[in-house]
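Everything below belongs to input.pdb, which stores PDB, C-alpha atoms, pLDDT in the B column.
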ATOM      1  CA  MET A   1       7.738  10.070  28.599  1.00 48.00           C
ATOM      2  CA  THR A   2       5.167   8.071  26.656  1.00 51.00           C
ATOM      3  CA  HIS A   3       6.591   6.002  23.812  1.00 54.00           C
ATOM      4  CA  PRO A   4       4.876   6.916  20.514  1.00 58.00           C
ATOM      5  CA  ALA A   5       3.826   3.299  19.978  1.00 58.00           C
ATOM      6  CA  ASP A   6       1.961   3.382  23.305  1.00 66.00           C
ATOM      7  CA  ARG A   7       0.015   6.575  22.598  1.00 79.00           C
ATOM      8  CA  PHE A   8      -2.564   4.710  20.466  1.00 86.00           C
ATOM      9  CA  PRO A   9      -2.664   1.149  21.821  1.00 87.00           C
ATOM     10  CA  ALA A  10      -4.423  -1.573  19.874  1.00 88.00           C
ATOM     11  CA  PRO A  11      -7.749  -2.643  21.357  1.00 91.00           C
ATOM     12  CA  ASP A  12      -8.484  -6.091  22.753  1.00 93.00           C
ATOM     13  CA  ILE A  13      -9.600  -8.157  19.769  1.00 93.00           C
ATOM     14  CA  ASN A  14     -12.327  -9.789  21.865  1.00 94.00           C
ATOM     15  CA  ALA A  15     -13.881  -6.388  22.592  1.00 94.00           C
ATOM     16  CA  LEU A  16     -14.234  -5.440  18.912  1.00 96.00           C
ATOM     17  CA  PRO A  17     -17.516  -5.434  16.958  1.00 97.00           C
ATOM     18  CA  GLU A  18     -18.248  -8.841  15.447  1.00 98.00           C
ATOM     19  CA  ASP A  19     -17.685  -7.814  11.798  1.00 98.00           C
ATOM     20  CA  ILE A  20     -14.263  -6.346  12.561  1.00 98.00           C
ATOM     21  CA  ARG A  21     -13.212  -9.273  14.745  1.00 97.00           C
ATOM     22  CA  THR A  22     -14.308 -11.690  11.985  1.00 97.00           C
ATOM     23  CA  ARG A  23     -12.284  -9.801   9.361  1.00 97.00           C
ATOM     24  CA  ILE A  24      -9.175  -9.689  11.553  1.00 97.00           C
ATOM     25  CA  LEU A  25      -9.414 -13.405  12.400  1.00 97.00           C
ATOM     26  CA  GLY A  26      -9.868 -14.193   8.687  1.00 97.00           C
ATOM     27  CA  VAL A  27      -6.692 -12.266   7.860  1.00 97.00           C
ATOM     28  CA  GLN A  28      -4.882 -14.062  10.686  1.00 97.00           C
ATOM     29  CA  GLU A  29      -6.004 -17.440   9.367  1.00 97.00           C
ATOM     30  CA  LYS A  30      -4.838 -16.645   5.830  1.00 95.00           C
ATOM     31  CA  ALA A  31      -1.558 -14.866   6.677  1.00 95.00           C
ATOM     32  CA  GLY A  32      -0.635 -16.667   9.889  1.00 96.00           C
ATOM     33  CA  PHE A  33      -0.491 -13.367  11.814  1.00 96.00           C
ATOM     34  CA  VAL A  34      -2.487 -10.165  12.256  1.00 96.00           C
ATOM     35  CA  PRO A  35      -0.956  -7.202  10.425  1.00 97.00           C
ATOM     36  CA  ASN A  36      -0.568  -4.291  12.840  1.00 95.00           C
ATOM     37  CA  VAL A  37      -2.651  -1.977  10.628  1.00 96.00           C
ATOM     38  CA  PHE A  38      -5.764  -4.033  11.375  1.00 96.00           C
ATOM     39  CA  LEU A  39      -5.268  -3.833  15.120  1.00 94.00           C
ATOM     40  CA  LYS A  40      -4.328  -0.161  15.208  1.00 94.00           C
ATOM     41  CA  LEU A  41      -7.237   0.988  13.032  1.00 96.00           C
ATOM     42  CA  ALA A  42      -9.732  -1.254  14.855  1.00 96.00           C
ATOM     43  CA  GLN A  43      -9.840   1.156  17.786  1.00 93.00           C
ATOM     44  CA  ARG A  44     -12.124   3.315  15.612  1.00 95.00           C
ATOM     45  CA  PRO A  45     -14.643   0.870  14.082  1.00 97.00           C
ATOM     46  CA  GLU A  46     -16.385   3.283  11.679  1.00 98.00           C
ATOM     47  CA  GLU A  47     -13.067   4.508  10.310  1.00 97.00           C
ATOM     48  CA  PHE A  48     -11.784   0.907  10.100  1.00 98.00           C
ATOM     49  CA  ARG A  49     -14.779  -0.071   7.972  1.00 98.00           C
ATOM     50  CA  ALA A  50     -14.462   2.970   5.706  1.00 98.00           C
ATOM     51  CA  PHE A  51     -10.693   2.591   5.341  1.00 98.00           C
ATOM     52  CA  PHE A  52     -10.809  -1.068   4.367  1.00 98.00           C
ATOM     53  CA  ALA A  53     -13.826  -0.623   2.098  1.00 98.00           C
ATOM     54  CA  TYR A  54     -11.922   1.978   0.060  1.00 98.00           C
ATOM     55  CA  HIS A  55      -8.688  -0.022   0.295  1.00 98.00           C
ATOM     56  CA  ASP A  56     -10.409  -3.099  -1.109  1.00 98.00           C
ATOM     57  CA  ALA A  57     -12.190  -1.097  -3.822  1.00 98.00           C
ATOM     58  CA  LEU A  58      -8.818   0.218  -5.024  1.00 98.00           C
ATOM     59  CA  MET A  59      -6.525  -2.735  -4.443  1.00 98.00           C
ATOM     60  CA  GLU A  60      -8.625  -5.845  -5.125  1.00 96.00           C
ATOM     61  CA  LYS A  61      -9.892  -5.045  -8.636  1.00 94.00           C
ATOM     62  CA  ASP A  62      -9.401  -7.656 -11.319  1.00 93.00           C
ATOM     63  CA  THR A  63      -9.532  -5.152 -14.179  1.00 95.00           C
ATOM     64  CA  GLY A  64      -7.135  -2.500 -15.419  1.00 97.00           C
ATOM     65  CA  LEU A  65      -3.868  -2.355 -13.524  1.00 98.00           C
ATOM     66  CA  THR A  66      -2.612  -5.680 -12.244  1.00 98.00           C
ATOM     67  CA  LYS A  67      -2.628  -6.295  -8.507  1.00 98.00           C
ATOM     68  CA  ALA A  68       1.187  -6.256  -8.613  1.00 98.00           C
ATOM     69  CA  GLU A  69       1.156  -2.843 -10.350  1.00 98.00           C
ATOM     70  CA  ARG A  70      -1.182  -1.535  -7.672  1.00 98.00           C
ATOM     71  CA  GLU A  71       1.308  -2.676  -5.035  1.00 98.00           C
ATOM     72  CA  MET A  72       4.146  -1.018  -6.977  1.00 98.00           C
ATOM     73  CA  ILE A  73       2.299   2.285  -6.628  1.00 98.00           C
ATOM     74  CA  VAL A  74       1.923   1.776  -2.876  1.00 98.00           C
ATOM     75  CA  VAL A  75       5.601   0.938  -2.395  1.00 98.00           C
ATOM     76  CA  ALA A  76       6.888   3.832  -4.540  1.00 98.00           C
ATOM     77  CA  THR A  77       4.614   6.452  -2.997  1.00 98.00           C
ATOM     78  CA  SER A  78       5.090   5.147   0.541  1.00 98.00           C
ATOM     79  CA  ALA A  79       8.847   5.454   0.042  1.00 98.00           C
ATOM     80  CA  VAL A  80       8.369   9.113  -0.913  1.00 98.00           C
ATOM     81  CA  ASN A  81       6.310   9.593   2.266  1.00 98.00           C
ATOM     82  CA  GLN A  82       8.908   7.684   4.330  1.00 98.00           C
ATOM     83  CA  CYS A  83       6.295   5.261   5.639  1.00 98.00           C
ATOM     84  CA  LEU A  84       8.189   2.277   6.989  1.00 98.00           C
ATOM     85  CA  TYR A  85       5.034   0.280   7.654  1.00 98.00           C
ATOM     86  CA  CYS A  86       3.614   0.536   4.132  1.00 98.00           C
ATOM     87  CA  VAL A  87       6.943   0.091   2.344  1.00 98.00           C
ATOM     88  CA  VAL A  88       7.640  -3.104   4.254  1.00 98.00           C
ATOM     89  CA  ALA A  89       4.094  -4.540   4.355  1.00 98.00           C
ATOM     90  CA  HIS A  90       3.181  -3.721   0.764  1.00 98.00           C
ATOM     91  CA  GLY A  91       6.681  -4.634  -0.356  1.00 98.00           C
ATOM     92  CA  ALA A  92       5.953  -8.137   0.932  1.00 98.00           C
ATOM     93  CA  VAL A  93       2.657  -8.255  -0.958  1.00 98.00           C
ATOM     94  CA  LEU A  94       4.397  -6.947  -4.104  1.00 98.00           C
ATOM     95  CA  ARG A  95       7.068  -9.642  -3.938  1.00 97.00           C
ATOM     96  CA  ILE A  96       4.342 -12.280  -3.716  1.00 96.00           C
ATOM     97  CA  ARG A  97       2.046 -10.833  -6.395  1.00 96.00           C
ATOM     98  CA  ALA A  98       4.851 -10.100  -8.874  1.00 96.00           C
ATOM     99  CA  LYS A  99       6.733 -13.308  -8.035  1.00 94.00           C
ATOM    100  CA  GLN A 100       9.915 -11.199  -8.104  1.00 94.00           C
ATOM    101  CA  PRO A 101      11.859 -11.230  -4.811  1.00 94.00           C
ATOM    102  CA  LEU A 102      13.998  -8.169  -5.649  1.00 96.00           C
ATOM    103  CA  LEU A 103      11.379  -5.871  -7.144  1.00 97.00           C
ATOM    104  CA  ALA A 104       9.934  -4.323  -3.976  1.00 97.00           C
ATOM    105  CA  ASP A 105      13.367  -3.331  -2.673  1.00 97.00           C
ATOM    106  CA  GLN A 106      14.284  -1.811  -6.038  1.00 98.00           C
ATOM    107  CA  ILE A 107      11.085   0.216  -6.147  1.00 98.00           C
ATOM    108  CA  ALA A 108      11.388   1.329  -2.513  1.00 98.00           C
ATOM    109  CA  VAL A 109      14.925   2.608  -2.993  1.00 98.00           C
ATOM    110  CA  ASN A 110      14.731   3.995  -6.543  1.00 98.00           C
ATOM    111  CA  TYR A 111      11.934   2.845  -8.843  1.00 98.00           C
ATOM    112  CA  ARG A 112      13.697   4.577 -11.771  1.00 98.00           C
ATOM    113  CA  LYS A 113      16.350   1.842 -11.656  1.00 98.00           C
ATOM    114  CA  ALA A 114      13.978  -1.045 -10.952  1.00 98.00           C
ATOM    115  CA  ASP A 115      13.379  -3.939 -13.341  1.00 96.00           C
ATOM    116  CA  ILE A 116      10.047  -2.602 -14.637  1.00 98.00           C
ATOM    117  CA  THR A 117       8.568  -1.856 -18.039  1.00 98.00           C
ATOM    118  CA  PRO A 118       8.481   1.648 -19.552  1.00 98.00           C
ATOM    119  CA  ARG A 119       4.695   1.613 -18.967  1.00 98.00           C
ATOM    120  CA  GLN A 120       5.193   0.844 -15.277  1.00 98.00           C
ATOM    121  CA  ARG A 121       7.862   3.548 -15.045  1.00 98.00           C
ATOM    122  CA  ALA A 122       5.401   6.099 -16.475  1.00 98.00           C
ATOM    123  CA  MET A 123       2.774   4.849 -14.023  1.00 98.00           C
ATOM    124  CA  LEU A 124       5.152   5.319 -11.061  1.00 98.00           C
ATOM    125  CA  ASP A 125       6.366   8.703 -12.325  1.00 98.00           C
ATOM    126  CA  PHE A 126       2.742   9.849 -12.283  1.00 98.00           C
ATOM    127  CA  ALA A 127       1.988   8.270  -8.875  1.00 98.00           C
ATOM    128  CA  VAL A 128       5.028   9.942  -7.319  1.00 98.00           C
ATOM    129  CA  LYS A 129       4.041  13.283  -8.866  1.00 98.00           C
ATOM    130  CA  VAL A 130       0.539  12.881  -7.405  1.00 98.00           C
ATOM    131  CA  THR A 131       2.181  12.175  -4.036  1.00 98.00           C
ATOM    132  CA  ALA A 132       4.687  15.023  -4.018  1.00 98.00           C
ATOM    133  CA  GLU A 133       3.368  17.618  -6.476  1.00 98.00           C
ATOM    134  CA  SER A 134      -0.282  16.983  -7.300  1.00 98.00           C
ATOM    135  CA  HIS A 135      -0.738  20.692  -7.943  1.00 98.00           C
ATOM    136  CA  ARG A 136       1.582  20.340 -10.957  1.00 98.00           C
ATOM    137  CA  ILE A 137      -0.398  17.596 -12.713  1.00 98.00           C
ATOM    138  CA  GLY A 138      -1.363  18.725 -16.197  1.00 98.00           C
ATOM    139  CA  GLU A 139      -2.188  17.593 -19.711  1.00 98.00           C
ATOM    140  CA  PRO A 140       1.397  16.523 -20.553  1.00 98.00           C
ATOM    141  CA  ASP A 141       1.211  14.005 -17.679  1.00 98.00           C
ATOM    142  CA  PHE A 142      -1.975  12.489 -19.085  1.00 98.00           C
ATOM    143  CA  ALA A 143      -0.534  12.444 -22.606  1.00 98.00           C
ATOM    144  CA  THR A 144       2.512  10.502 -21.404  1.00 98.00           C
ATOM    145  CA  LEU A 145       0.339   7.926 -19.677  1.00 98.00           C
ATOM    146  CA  GLU A 146      -1.898   7.562 -22.720  1.00 98.00           C
ATOM    147  CA  GLN A 147       1.195   7.066 -24.935  1.00 98.00           C
ATOM    148  CA  HIS A 148       2.018   4.080 -22.710  1.00 98.00           C
ATOM    149  CA  GLY A 149      -1.456   2.638 -23.239  1.00 98.00           C
ATOM    150  CA  LEU A 150      -2.939   3.537 -19.867  1.00 98.00           C
ATOM    151  CA  SER A 151      -6.694   4.096 -19.952  1.00 98.00           C
ATOM    152  CA  THR A 152      -8.656   6.842 -18.239  1.00 98.00           C
ATOM    153  CA  ASP A 153      -9.799   4.342 -15.583  1.00 98.00           C
ATOM    154  CA  GLU A 154      -6.232   3.184 -14.972  1.00 98.00           C
ATOM    155  CA  ILE A 155      -5.013   6.775 -14.642  1.00 98.00           C
ATOM    156  CA  TRP A 156      -7.774   7.420 -12.101  1.00 98.00           C
ATOM    157  CA  ASP A 157      -6.711   4.310 -10.168  1.00 98.00           C
ATOM    158  CA  ILE A 158      -3.064   5.402 -10.106  1.00 98.00           C
ATOM    159  CA  ALA A 159      -4.054   8.774  -8.658  1.00 98.00           C
ATOM    160  CA  ALA A 160      -6.560   7.285  -6.214  1.00 98.00           C
ATOM    161  CA  ILE A 161      -4.082   4.703  -4.897  1.00 98.00           C
ATOM    162  CA  ALA A 162      -1.384   7.352  -4.464  1.00 98.00           C
ATOM    163  CA  ALA A 163      -3.832   9.665  -2.686  1.00 98.00           C
ATOM    164  CA  PHE A 164      -5.330   6.957  -0.462  1.00 98.00           C
ATOM    165  CA  PHE A 165      -1.932   5.747   0.639  1.00 98.00           C
ATOM    166  CA  GLY A 166      -0.897   9.329   1.310  1.00 98.00           C
ATOM    167  CA  LEU A 167      -3.549   9.250   4.035  1.00 98.00           C
ATOM    168  CA  SER A 168      -2.484   5.800   5.168  1.00 98.00           C
ATOM    169  CA  ASN A 169       1.219   6.751   5.228  1.00 98.00           C
ATOM    170  CA  ARG A 170       0.580   9.844   7.273  1.00 98.00           C
ATOM    171  CA  MET A 171      -1.529   8.017   9.858  1.00 96.00           C
ATOM    172  CA  ALA A 172       0.989   5.169  10.091  1.00 96.00           C
ATOM    173  CA  ASN A 173       3.758   7.697  10.682  1.00 96.00           C
ATOM    174  CA  VAL A 174       1.756   9.661  13.271  1.00 95.00           C
ATOM    175  CA  ILE A 175       0.848   6.568  15.279  1.00 93.00           C
ATOM    176  CA  ASN A 176       4.317   5.042  14.837  1.00 93.00           C
ATOM    177  CA  MET A 177       2.885   1.860  13.356  1.00 94.00           C
ATOM    178  CA  MET A 178       5.700  -0.624  12.926  1.00 94.00           C
ATOM    179  CA  PRO A 179       5.702  -3.468  10.383  1.00 96.00           C
ATOM    180  CA  ASN A 180       5.173  -6.968  11.686  1.00 96.00           C
ATOM    181  CA  ALA A 181       8.422  -8.965  11.621  1.00 96.00           C
ATOM    182  CA  GLU A 182       6.754 -11.533   9.343  1.00 97.00           C
ATOM    183  CA  PHE A 183       6.538  -9.035   6.476  1.00 97.00           C
ATOM    184  CA  TYR A 184      10.316  -8.765   6.135  1.00 97.00           C
ATOM    185  CA  LEU A 185      10.702 -12.368   4.973  1.00 95.00           C
ATOM    186  CA  MET A 186       7.539 -12.864   2.927  1.00 95.00           C
ATOM    187  CA  GLY A 187       8.103 -13.519  -0.779  1.00 94.00           C
ATOM    188  CA  ARG A 188      11.892 -13.331  -0.606  1.00 92.00           C
ATOM    189  CA  VAL A 189      12.394 -16.948  -1.632  1.00 82.00           C
ATOM    190  CA  PRO A 190      10.097 -18.150  -4.417  1.00 67.00           C
ATOM    191  CA  LYS A 191       7.985 -21.166  -3.489  1.00 66.00           C
ATOM    192  CA  ALA A 192       8.768 -24.349  -5.364  1.00 62.00           C
TER     193      ALA A 192
END

What is this structure when it is put down as C-alpha cells?
Amino acid sequence: MTHPADRFPAPDINALPEDIRTRILGVQEKAGFVPNVFLKLAQRPEEFRAFFAYHDALMEKDTGLTKAEREMIVVATSAVNQCLYCVVAHGAVLRIRAKQPLLADQIAVNYRKADITPRQRAMLDFAVKVTAESHRIGEPDFATLEQHGLSTDEIWDIAAIAAFFGLSNRMANVINMMPNAEFYLMGRVPKA
C-alpha cells in the first residue's frame, strides 16, 4: 500500500523553474530550512505562483489587521479544519510575530480561553463562523465586528484569510503534508 505522504512526492528542487527555486532558496536562507508547503506545492508551478501570490497579498499587508492577528486567524481556523501542518507552522509564526510563546497553543486548542483582547475574540469568532458556517453570516455578525472597531477592509481580510486557509487546510490534509520538525520549537523561548 502506498503511504499517503508518498502519493504526491516533492519535486527535485534543481528541476524547478528558476523563479520558484529562487523563492524556495530565499526562504531556506531566512528560516534555515525549507517549509514542506513550498516543496509540495512546487510540483505544480502555476498553482504555486498563484497560491503564494494570494497568500502574500493577504498575510504580508502592513495595514489593518496586524501580522500577528492574521496568524491568529490561520491558527484558529486551521484548528477547526484539523490541519496539523497549518496549526503547527502558523503557530510558530504567530509565536514569533506576537512575541507570546503560549498564544498559538491557546488559540489552537480553544481561542475563547486564550489571552486575547475582546476585539481579537470577535475577529476569531467571525473567522471560525466563516470556516464552519459561512452560510449563516449576516448583519448581526458585521455589527458585532464594527462595535469592536473593525473596518470594512479588516472584515474582508478576516473572511478572505479564513477562506484561503480553508483551501490550504484541505489540500494539506489530502496530501498528508506534515509540519517540519523545526516549526515545533520556533518562538517558544523569547530571544534575549

Identify, on the basis of only C-alpha atoms, every residue whose closest approach to Ala79 of chain A does not exceed 10 Å; exclude the query and any residue fewer than 6 positions from it along the same chain; express the result as a list of chain:residue names.
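Listing them by chain and then by number gives A:Ile73, A:Tyr85, A:Cys86, A:Val87, A:Val88, A:Ile107, A:Ala108, A:Val109, A:Asn110, A:Tyr111, A:Val128, A:Asn169.
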
Just write the chosen residues, C-alpha atoms, as a compact mmCIF listing (two decimals), keeping the file's coordinate frame.
# COMPACT_ATOMS: atom_id res chain seq x y z
CA ILE A 73 2.30 2.28 -6.63
CA TYR A 85 5.03 0.28 7.65
CA CYS A 86 3.61 0.54 4.13
CA VAL A 87 6.94 0.09 2.34
CA VAL A 88 7.64 -3.10 4.25
CA ILE A 107 11.08 0.22 -6.15
CA ALA A 108 11.39 1.33 -2.51
CA VAL A 109 14.92 2.61 -2.99
CA ASN A 110 14.73 4.00 -6.54
CA TYR A 111 11.93 2.84 -8.84
CA VAL A 128 5.03 9.94 -7.32
CA ASN A 169 1.22 6.75 5.23

For the file shown, report as a PyMOL selection string the outcome of the PyMOL selection byres ((chain A and resi 95) around 12) at residue level.
chain A and resi 67-69+71-72+75+87-94+96-108+183-191

Can you spit out the residues from that selection as a PDB file, in the frame of the given file, using C-alpha atoms?
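Result written to part-v3.pdb:
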ATOM      1  CA  LYS A  67      -2.628  -6.295  -8.507  1.00 98.00           C
ATOM      2  CA  ALA A  68       1.187  -6.256  -8.613  1.00 98.00           C
ATOM      3  CA  GLU A  69       1.156  -2.843 -10.350  1.00 98.00           C
ATOM      4  CA  GLU A  71       1.308  -2.676  -5.035  1.00 98.00           C
ATOM      5  CA  MET A  72       4.146  -1.018  -6.977  1.00 98.00           C
ATOM      6  CA  VAL A  75       5.601   0.938  -2.395  1.00 98.00           C
ATOM      7  CA  VAL A  87       6.943   0.091   2.344  1.00 98.00           C
ATOM      8  CA  VAL A  88       7.640  -3.104   4.254  1.00 98.00           C
ATOM      9  CA  ALA A  89       4.094  -4.540   4.355  1.00 98.00           C
ATOM     10  CA  HIS A  90       3.181  -3.721   0.764  1.00 98.00           C
ATOM     11  CA  GLY A  91       6.681  -4.634  -0.356  1.00 98.00           C
ATOM     12  CA  ALA A  92       5.953  -8.137   0.932  1.00 98.00           C
ATOM     13  CA  VAL A  93       2.657  -8.255  -0.958  1.00 98.00           C
ATOM     14  CA  LEU A  94       4.397  -6.947  -4.104  1.00 98.00           C
ATOM     15  CA  ILE A  96       4.342 -12.280  -3.716  1.00 96.00           C
ATOM     16  CA  ARG A  97       2.046 -10.833  -6.395  1.00 96.00           C
ATOM     17  CA  ALA A  98       4.851 -10.100  -8.874  1.00 96.00           C
ATOM     18  CA  LYS A  99       6.733 -13.308  -8.035  1.00 94.00           C
ATOM     19  CA  GLN A 100       9.915 -11.199  -8.104  1.00 94.00           C
ATOM     20  CA  PRO A 101      11.859 -11.230  -4.811  1.00 94.00           C
ATOM     21  CA  LEU A 102      13.998  -8.169  -5.649  1.00 96.00           C
ATOM     22  CA  LEU A 103      11.379  -5.871  -7.144  1.00 97.00           C
ATOM     23  CA  ALA A 104       9.934  -4.323  -3.976  1.00 97.00           C
ATOM     24  CA  ASP A 105      13.367  -3.331  -2.673  1.00 97.00           C
ATOM     25  CA  GLN A 106      14.284  -1.811  -6.038  1.00 98.00           C
ATOM     26  CA  ILE A 107      11.085   0.216  -6.147  1.00 98.00           C
ATOM     27  CA  ALA A 108      11.388   1.329  -2.513  1.00 98.00           C
ATOM     28  CA  PHE A 183       6.538  -9.035   6.476  1.00 97.00           C
ATOM     29  CA  TYR A 184      10.316  -8.765   6.135  1.00 97.00           C
ATOM     30  CA  LEU A 185      10.702 -12.368   4.973  1.00 95.00           C
ATOM     31  CA  MET A 186       7.539 -12.864   2.927  1.00 95.00           C
ATOM     32  CA  GLY A 187       8.103 -13.519  -0.779  1.00 94.00           C
ATOM     33  CA  ARG A 188      11.892 -13.331  -0.606  1.00 92.00           C
ATOM     34  CA  VAL A 189      12.394 -16.948  -1.632  1.00 82.00           C
ATOM     35  CA  PRO A 190      10.097 -18.150  -4.417  1.00 67.00           C
ATOM     36  CA  LYS A 191       7.985 -21.166  -3.489  1.00 66.00           C
TER      37      LYS A 191
END

Just so the selection is clear, what residues does the PyMOL selection byres ((chain A and resi 36) around 8) cover here, as a PyMOL selection string?
chain A and resi 34-35+37-40+177-180

Would you output that residue set with C-alpha atoms, as a PDB file, in the coordinates of the input?
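Below you can see result35.pdb, which holds the result:
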ATOM      1  CA  VAL A  34      -2.487 -10.165  12.256  1.00 96.00           C
ATOM      2  CA  PRO A  35      -0.956  -7.202  10.425  1.00 97.00           C
ATOM      3  CA  VAL A  37      -2.651  -1.977  10.628  1.00 96.00           C
ATOM      4  CA  PHE A  38      -5.764  -4.033  11.375  1.00 96.00           C
ATOM      5  CA  LEU A  39      -5.268  -3.833  15.120  1.00 94.00           C
ATOM      6  CA  LYS A  40      -4.328  -0.161  15.208  1.00 94.00           C
ATOM      7  CA  MET A 177       2.885   1.860  13.356  1.00 94.00           C
ATOM      8  CA  MET A 178       5.700  -0.624  12.926  1.00 94.00           C
ATOM      9  CA  PRO A 179       5.702  -3.468  10.383  1.00 96.00           C
ATOM     10  CA  ASN A 180       5.173  -6.968  11.686  1.00 96.00           C
TER      11      ASN A 180
END

In Å, how far is it from atom CA of Cys83 of chain A to atom CA of Ile137 of chain A?
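Straight-line distance from atom CA of Cys83 of chain A to atom CA of Ile137 of chain A works out to 23.1 Å.
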
Taking the file as I've supplied it (selection: the PyMOL selection byres ((chain A and resi 141-157) around 8)), which residues are included? Please answer as a list of chain:residue names.
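Answer for the PyMOL selection byres ((chain A and resi 141-157) around 8): A:Leu58, A:Gly64, A:Leu65, A:Pro118, A:Arg119, A:Ala122, A:Met123, A:Phe126, A:Ile137, A:Gly138, A:Glu139, A:Pro140, A:Ile158, A:Ala159, A:Ala160, A:Ile161.
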
Quick check, in Å to one decimal: how far apart do atom CA of Glu133 of chain A and atom CA of Gln82 of chain A lie?
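It comes out at 15.7 Å.
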
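Counting from atom CA of Thr77 of chain A, the distance to atom CA of Arg7 of chain A is 26.0 Å.
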
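Comparing A:Ala162, A:Ala42, A:Ile116, A:Leu25 by their smallest distance to Ala76 of chain A, the closest is A:Ala162 (using only C-alpha atoms).
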
Using only C-alpha atoms, which of the listed residues (A:Thr63, A:Ala114, A:Asn81, A:Phe51) sits closest to Arg170 of chain A?
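Answer, going by the shortest atom-to-atom distance: A:Asn81.
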
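Nearest-residue note for Ser168 of chain A: choosing from A:Ala10, A:Leu84, A:Leu16, A:Ile24, the minimum distance belongs to A:Leu84, counting all atoms listed in the file.
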
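Residue nearest Tyr54 of chain A within the list A:Asp125, A:Ala31, A:Ala172, A:Ala163: A:Ala163 [criterion: smallest interatomic distance, all atoms listed in the file].
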
Which centre and edge lengths in Å to one decimal define the box along x, y and z that fits every listed atom of segment 163-182 of chain A plus 3 Å per side, as AutoDock Vina command-line options?
--center_x 1.5 --center_y -0.8 --center_z 6.3 --size_x 19.8 --size_y 27.4 --size_z 24.0
